[in-house]
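Working notes for the structure below.
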Amino acid sequence: MKSAKNIFQPSRTPLRVAALVLSDCNTLSFAAAIDPMRAANRLGPTKSFEWHYVTATDSPATLTSGLQVPASPISRLDSCDLLLVIAGFNLETHATPALIASLRRIAASGATLAGIDGGPWLMARAGLLDGYRATTHWEDLEDFAIRFPAITVLRDRFHIDRACMTSGGATPAIDMMLHLIGARCGETLASRVAGVFIYDSTADPARAQRRTGPKPRHSALTARASALMEDNLDTPLSITDIAKHTGTSPRALQTQFRTRLNTTPQAHYLHLRLTEALRLVTDTDMPLTAIALATGFASPASFSRAFHKAHGSAARRLRQTTKSPASLGS
């Protein structure tokens, strides 16, 4: 196995990139990986990136928008400096023995691999992240950690560990690509590329992914408290502890939530937990007892009562309805 080349060193030589595009990936994730390279080439003094597309098979990849990306199959890819693995849904279907073998072959050639959205799952499925620190889309973090216990799973927007880069969805992918542009071409060019997209996020890999962004009605205090709640859905903190961590008193926290959000911290916390429970019920196959624990309920009975009150249906019935053929065709 060849040692991976350090692609984060300043260089005037174009980086040779192969973009593996899987069917069922989001169009925005695809654009987030490619367009920053295009903009860097347009705005920079020299061409910084050369890329071409590869697919899992001889057929074009069809994105969730219906757009098709024609390309040569990855089995014919000889070499590259960086392989972008851009995936979205139906990952188990795409993880064929042939694709897994190709990912392992390219990694062994010394290329850096970067997983975007569902891409880290395919890299993990190939065993390329065992013993590594990695992240993936926040919706899949719990399942990812359970499925791949040899990986240290992070909530980071993106993470780089040796020759493996992993990121969440589209916006974290932009962060990751801007970080790469800054390392190779300088922060001035990275800032210009960000400016083209009117993108003012900080490309900080350790900034955690959030299930929901702060709403305009939030104050700085309620936004911090809400983020802390999101980080502790499985083991809910007391309001006293939240107030302590945010540098205020429980009374002041209660007042801020009442004034800004017309609710209490307790009700807001419960809403976050039950919103996550709804996602896990409808979007995953996790057992309901595991969902109850993952969202901070001490017993299945208390989870069942709270879920039914919040969503107007029992969790089991809702899962059956959302996964039925009739609902899929409606």
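Residue numbering restarts at 1 for every chain of the structure tokens, chains are lettered A, B, ... in their displayed order, and ligands are numbered from 1 as they appear.
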Selection near His271 of chain A, 12 Å with only C-alpha atoms, sequence-local residues under 3 positions removed, as a list in words: Ser226, Met229, Glu230, Leu233, Thr263, Thr264, Pro265, Gln266, Ala267, His268, Leu274, Thr275, Glu276, Ala277, Leu278, Thr295, Gly296, Ala306, Phe307, Lys309, Ala310 and His311 of chain A
As a PDB file with C-alpha atoms, in the first residue's frame, list the residues of segment 44-263 of chain A assigned to alpha helix (DSSP H) by DSSP on the backbone atoms of this structure.
```
ATOM      1  CA  LEU A  91     -26.527   3.125   0.641  1.00  0.00           C
ATOM      2  CA  GLU A  92     -26.864  -0.591   1.312  1.00  0.00           C
ATOM      3  CA  THR A  93     -27.980  -1.084  -2.285  1.00  0.00           C
ATOM      4  CA  HIS A  94     -25.001   0.848  -3.627  1.00  0.00           C
ATOM      5  CA  PRO A  97     -18.813  -6.000  -3.640  1.00  0.00           C
ATOM      6  CA  ALA A  98     -17.484  -4.407  -6.838  1.00  0.00           C
ATOM      7  CA  LEU A  99     -17.778  -0.862  -5.472  1.00  0.00           C
ATOM      8  CA  ILE A 100     -16.252  -1.820  -2.114  1.00  0.00           C
ATOM      9  CA  ALA A 101     -13.331  -3.463  -3.923  1.00  0.00           C
ATOM     10  CA  SER A 102     -12.786  -0.321  -6.017  1.00  0.00           C
ATOM     11  CA  LEU A 103     -12.742   1.929  -2.941  1.00  0.00           C
ATOM     12  CA  ARG A 104     -10.177  -0.311  -1.261  1.00  0.00           C
ATOM     13  CA  ARG A 105      -8.038  -0.406  -4.401  1.00  0.00           C
ATOM     14  CA  ILE A 106      -7.998   3.371  -4.769  1.00  0.00           C
ATOM     15  CA  ALA A 107      -7.215   3.891  -1.078  1.00  0.00           C
ATOM     16  CA  ALA A 108      -4.332   1.406  -1.374  1.00  0.00           C
ATOM     17  CA  GLY A 119     -20.096   8.882   1.447  1.00  0.00           C
ATOM     18  CA  PRO A 120     -18.564   8.190   4.879  1.00  0.00           C
ATOM     19  CA  TRP A 121     -20.917   5.218   5.246  1.00  0.00           C
ATOM     20  CA  LEU A 122     -19.549   3.634   2.060  1.00  0.00           C
ATOM     21  CA  MET A 123     -15.981   4.293   3.184  1.00  0.00           C
ATOM     22  CA  ALA A 124     -16.796   2.666   6.531  1.00  0.00           C
ATOM     23  CA  ARG A 125     -18.469  -0.249   4.789  1.00  0.00           C
ATOM     24  CA  LEU A 141     -24.706   9.575  13.468  1.00  0.00           C
ATOM     25  CA  GLU A 142     -26.381   7.191  15.926  1.00  0.00           C
ATOM     26  CA  ASP A 143     -26.825   4.383  13.388  1.00  0.00           C
ATOM     27  CA  PHE A 144     -23.305   4.973  12.059  1.00  0.00           C
ATOM     28  CA  ALA A 145     -21.765   4.598  15.529  1.00  0.00           C
ATOM     29  CA  ILE A 146     -23.709   1.399  16.198  1.00  0.00           C
ATOM     30  CA  ARG A 147     -22.979  -0.117  12.785  1.00  0.00           C
ATOM     31  CA  ALA A 170     -24.045  19.928   1.635  1.00  0.00           C
ATOM     32  CA  THR A 171     -23.050  22.869   3.831  1.00  0.00           C
ATOM     33  CA  PRO A 172     -20.348  20.966   5.739  1.00  0.00           C
ATOM     34  CA  ALA A 173     -19.042  19.788   2.346  1.00  0.00           C
ATOM     35  CA  ILE A 174     -18.578  23.437   1.340  1.00  0.00           C
ATOM     36  CA  ASP A 175     -16.694  23.984   4.612  1.00  0.00           C
ATOM     37  CA  MET A 176     -14.452  21.022   3.815  1.00  0.00           C
ATOM     38  CA  MET A 177     -13.743  22.147   0.251  1.00  0.00           C
ATOM     39  CA  LEU A 178     -12.981  25.696   1.388  1.00  0.00           C
ATOM     40  CA  HIS A 179     -10.554  24.253   3.943  1.00  0.00           C
ATOM     41  CA  LEU A 180      -8.838  22.305   1.163  1.00  0.00           C
ATOM     42  CA  ILE A 181      -8.660  25.392  -1.073  1.00  0.00           C
ATOM     43  CA  GLY A 182      -7.233  27.465   1.778  1.00  0.00           C
ATOM     44  CA  ALA A 183      -4.564  24.851   2.551  1.00  0.00           C
ATOM     45  CA  ARG A 184      -3.441  24.428  -1.065  1.00  0.00           C
ATOM     46  CA  CYS A 185      -4.039  27.872  -2.529  1.00  0.00           C
ATOM     47  CA  GLU A 187      -6.836  31.694   2.631  1.00  0.00           C
ATOM     48  CA  THR A 188      -7.263  34.733   0.380  1.00  0.00           C
ATOM     49  CA  LEU A 189      -8.490  32.581  -2.487  1.00  0.00           C
ATOM     50  CA  ALA A 190     -10.666  30.512  -0.130  1.00  0.00           C
ATOM     51  CA  SER A 191     -12.287  33.737   1.108  1.00  0.00           C
ATOM     52  CA  ARG A 192     -12.900  34.896  -2.451  1.00  0.00           C
ATOM     53  CA  VAL A 193     -14.525  31.575  -3.319  1.00  0.00           C
ATOM     54  CA  ALA A 194     -16.744  31.835  -0.227  1.00  0.00           C
ATOM     55  CA  GLY A 195     -17.644  35.370  -1.240  1.00  0.00           C
ATOM     56  CA  VAL A 196     -18.783  34.242  -4.685  1.00  0.00           C
ATOM     57  CA  ALA A 220     -28.006  34.483  22.122  1.00  0.00           C
ATOM     58  CA  LEU A 221     -28.856  32.865  25.462  1.00  0.00           C
ATOM     59  CA  THR A 222     -31.764  30.715  24.250  1.00  0.00           C
ATOM     60  CA  ALA A 223     -29.782  29.666  21.181  1.00  0.00           C
ATOM     61  CA  ARG A 224     -26.903  28.472  23.386  1.00  0.00           C
ATOM     62  CA  ALA A 225     -29.327  26.681  25.679  1.00  0.00           C
ATOM     63  CA  SER A 226     -31.093  25.035  22.731  1.00  0.00           C
ATOM     64  CA  ALA A 227     -27.792  23.837  21.258  1.00  0.00           C
ATOM     65  CA  LEU A 228     -26.866  22.348  24.641  1.00  0.00           C
ATOM     66  CA  MET A 229     -30.221  20.584  24.744  1.00  0.00           C
ATOM     67  CA  GLU A 230     -29.645  19.144  21.262  1.00  0.00           C
ATOM     68  CA  ILE A 239     -32.744  23.355  33.780  1.00  0.00           C
ATOM     69  CA  THR A 240     -30.400  24.264  36.637  1.00  0.00           C
ATOM     70  CA  ASP A 241     -27.492  22.577  34.835  1.00  0.00           C
ATOM     71  CA  ILE A 242     -28.378  24.255  31.534  1.00  0.00           C
ATOM     72  CA  ALA A 243     -28.488  27.632  33.221  1.00  0.00           C
ATOM     73  CA  LYS A 244     -25.117  26.977  34.841  1.00  0.00           C
ATOM     74  CA  HIS A 245     -23.521  25.950  31.533  1.00  0.00           C
ATOM     75  CA  PRO A 250     -32.700  29.298  36.044  1.00  0.00           C
ATOM     76  CA  ARG A 251     -35.061  32.245  36.540  1.00  0.00           C
ATOM     77  CA  ALA A 252     -33.347  34.323  33.847  1.00  0.00           C
ATOM     78  CA  LEU A 253     -33.398  31.322  31.493  1.00  0.00           C
ATOM     79  CA  GLN A 254     -37.118  30.846  32.088  1.00  0.00           C
ATOM     80  CA  THR A 255     -37.713  34.532  31.402  1.00  0.00           C
ATOM     81  CA  GLN A 256     -35.735  34.495  28.163  1.00  0.00           C
ATOM     82  CA  PHE A 257     -37.617  31.466  26.816  1.00  0.00           C
ATOM     83  CA  ARG A 258     -40.952  33.029  27.763  1.00  0.00           C
ATOM     84  CA  THR A 259     -40.064  36.385  26.204  1.00  0.00           C
ATOM     85  CA  ARG A 260     -38.375  35.198  23.021  1.00  0.00           C
ATOM     86  CA  LEU A 261     -40.067  31.863  22.257  1.00  0.00           C
TER      87      LEU A 261
END
```
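All residues of protein, DNA or RNA that reach within 9 Å of Thr282 of chain A, judged by only C-alpha atoms and not counting those fewer than 3 positions away in the chain, are A:Ala277, A:Leu278, A:Arg279, A:Asp285, A:Ala315, A:Leu318, A:Arg319, A:Gln320, A:Thr322, A:Lys323.
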For the residues in the current selection, export N, CA and C atoms as a tab-separated table (two decimals), in the first residue's frame.
```
chain	number	residue	atom	x	y	z
A	277	ALA	N	-37.38	12.03	18.01
A	277	ALA	CA	-38.05	10.73	18.07
A	277	ALA	C	-38.89	10.49	16.82
A	278	LEU	N	-39.57	11.51	16.34
A	278	LEU	CA	-40.37	11.38	15.13
A	278	LEU	C	-39.49	11.03	13.93
A	279	ARG	N	-38.33	11.68	13.84
A	279	ARG	CA	-37.41	11.37	12.73
A	279	ARG	C	-36.94	9.93	12.81
A	285	ASP	N	-34.98	2.22	11.10
A	285	ASP	CA	-35.57	0.97	11.57
A	285	ASP	C	-35.17	0.65	13.01
A	315	ALA	N	-46.35	5.57	18.06
A	315	ALA	CA	-45.13	5.47	17.25
A	315	ALA	C	-45.18	4.27	16.31
A	318	LEU	N	-47.62	4.93	13.46
A	318	LEU	CA	-47.08	5.93	12.53
A	318	LEU	C	-46.00	5.32	11.65
A	319	ARG	N	-45.16	4.49	12.23
A	319	ARG	CA	-44.11	3.83	11.45
A	319	ARG	C	-44.73	2.94	10.37
A	320	GLN	N	-45.75	2.19	10.72
A	320	GLN	CA	-46.41	1.32	9.74
A	320	GLN	C	-47.04	2.14	8.62
A	322	THR	N	-46.18	5.28	7.55
A	322	THR	CA	-45.22	5.97	6.69
A	322	THR	C	-44.44	5.01	5.81
A	323	LYS	N	-44.36	3.75	6.21
A	323	LYS	CA	-43.60	2.79	5.40
A	323	LYS	C	-44.50	1.91	4.54
```
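Our summary of the geometry notes that atom CA of Gly115 of chain A is positioned 25.7 Å from atom CA of Ala294 of chain A.
The shortest atom-to-atom distance to Leu83 of chain A, with only C-alpha atoms taken into account, belongs to A:Leu20 out of A:Leu20, A:Ala95, A:Leu270, A:Leu43.
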Can you tell me, as a PyMOL selection string, what residues are no more than 12 Å from Pro14 of chain A when counting only C-alpha atoms, ignoring any on the same chain fewer than 5 positions away? chain A and resi 7+37+40-41+44-51+80-82+181+184-185
Produce a file of the selected residues containing N, CA and C atoms, as an mmCIF file, in the first residue's frame.
```cif
data_model
loop_
_atom_site.group_PDB
_atom_site.id
_atom_site.type_symbol
_atom_site.label_atom_id
_atom_site.label_comp_id
_atom_site.auth_asym_id
_atom_site.auth_seq_id
_atom_site.Cartn_x
_atom_site.Cartn_y
_atom_site.Cartn_z
ATOM 1 N N ILE A 7 -2.212 16.211 0.504
ATOM 2 C CA ILE A 7 -2.867 17.126 -0.446
ATOM 3 C C ILE A 7 -3.132 18.494 0.170
ATOM 4 N N MET A 37 -14.396 24.005 -6.340
ATOM 5 C CA MET A 37 -13.214 23.784 -7.188
ATOM 6 C C MET A 37 -13.311 24.602 -8.476
ATOM 7 N N ALA A 40 -12.588 28.181 -7.619
ATOM 8 C CA ALA A 40 -11.164 28.383 -7.338
ATOM 9 C C ALA A 40 -10.370 28.473 -8.636
ATOM 10 N N ASN A 41 -10.712 27.644 -9.604
ATOM 11 C CA ASN A 41 -10.018 27.706 -10.899
ATOM 12 C C ASN A 41 -10.285 29.028 -11.604
ATOM 13 N N GLY A 44 -8.570 31.985 -9.188
ATOM 14 C CA GLY A 44 -7.149 31.889 -8.849
ATOM 15 C C GLY A 44 -6.234 32.252 -10.005
ATOM 16 N N PRO A 45 -4.977 32.490 -9.703
ATOM 17 C CA PRO A 45 -4.019 32.842 -10.749
ATOM 18 C C PRO A 45 -3.680 31.671 -11.659
ATOM 19 N N THR A 46 -3.833 30.445 -11.152
ATOM 20 C CA THR A 46 -3.555 29.255 -11.953
ATOM 21 C C THR A 46 -4.671 28.237 -11.717
ATOM 22 N N LYS A 47 -4.695 27.217 -12.545
ATOM 23 C CA LYS A 47 -5.673 26.147 -12.390
ATOM 24 C C LYS A 47 -5.271 25.281 -11.208
ATOM 25 N N SER A 48 -6.149 25.170 -10.226
ATOM 26 C CA SER A 48 -5.821 24.466 -8.987
ATOM 27 C C SER A 48 -6.362 23.048 -8.934
ATOM 28 N N PHE A 49 -7.408 22.778 -9.705
ATOM 29 C CA PHE A 49 -8.058 21.471 -9.635
ATOM 30 C C PHE A 49 -8.385 20.950 -11.033
ATOM 31 N N GLU A 50 -8.180 19.667 -11.204
ATOM 32 C CA GLU A 50 -8.652 18.960 -12.398
ATOM 33 C C GLU A 50 -9.538 17.813 -11.912
ATOM 34 N N TRP A 51 -10.746 17.701 -12.437
ATOM 35 C CA TRP A 51 -11.618 16.637 -11.951
ATOM 36 C C TRP A 51 -12.409 16.013 -13.081
ATOM 37 N N CYS A 80 -5.760 8.749 -8.819
ATOM 38 C CA CYS A 80 -6.143 10.143 -8.575
ATOM 39 C C CYS A 80 -5.463 10.560 -7.280
ATOM 40 N N ASP A 81 -5.448 11.866 -7.039
ATOM 41 C CA ASP A 81 -4.923 12.359 -5.769
ATOM 42 C C ASP A 81 -6.006 12.352 -4.693
ATOM 43 N N LEU A 82 -7.237 12.644 -5.124
ATOM 44 C CA LEU A 82 -8.363 12.753 -4.202
ATOM 45 C C LEU A 82 -9.588 12.110 -4.839
ATOM 46 N N ILE A 181 -9.123 24.286 -0.217
ATOM 47 C CA ILE A 181 -8.660 25.392 -1.073
ATOM 48 C C ILE A 181 -7.727 26.304 -0.285
ATOM 49 N N ARG A 184 -4.242 24.570 0.155
ATOM 50 C CA ARG A 184 -3.441 24.428 -1.065
ATOM 51 C C ARG A 184 -3.151 25.760 -1.759
ATOM 52 N N CYS A 185 -4.120 26.656 -1.711
ATOM 53 C CA CYS A 185 -4.039 27.872 -2.529
ATOM 54 C C CYS A 185 -3.997 29.167 -1.723
#
```
All strand (DSSP E) positions in segment 139-253 of chain A, as an mmCIF file with C-alpha atoms, in the first residue's frame:
```cif
data_model
loop_
_atom_site.group_PDB
_atom_site.id
_atom_site.type_symbol
_atom_site.label_atom_id
_atom_site.label_comp_id
_atom_site.auth_asym_id
_atom_site.auth_seq_id
_atom_site.Cartn_x
_atom_site.Cartn_y
_atom_site.Cartn_z
ATOM 1 C CA THR A 152 -14.607 7.068 16.689
ATOM 2 C CA VAL A 153 -17.706 8.942 15.543
ATOM 3 C CA PHE A 158 -16.208 17.707 8.764
ATOM 4 C CA HIS A 159 -13.119 15.897 9.966
ATOM 5 C CA ILE A 160 -9.735 15.024 8.513
ATOM 6 C CA ASP A 161 -7.822 12.034 9.856
ATOM 7 C CA CYS A 164 -9.550 10.224 5.080
ATOM 8 C CA MET A 165 -11.878 13.218 5.001
ATOM 9 C CA THR A 166 -15.492 12.920 6.103
ATOM 10 C CA SER A 167 -18.306 15.451 6.222
#
```
Which is closest to Ala32 of chain A among A:Leu293, A:Leu129, A:Ile116, A:Ala18, if we use only C-alpha atoms? A:Ile116
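What separates atom CA of Ile74 of chain A from atom CA of Leu22 of chain A is a distance of 10.7 Å.
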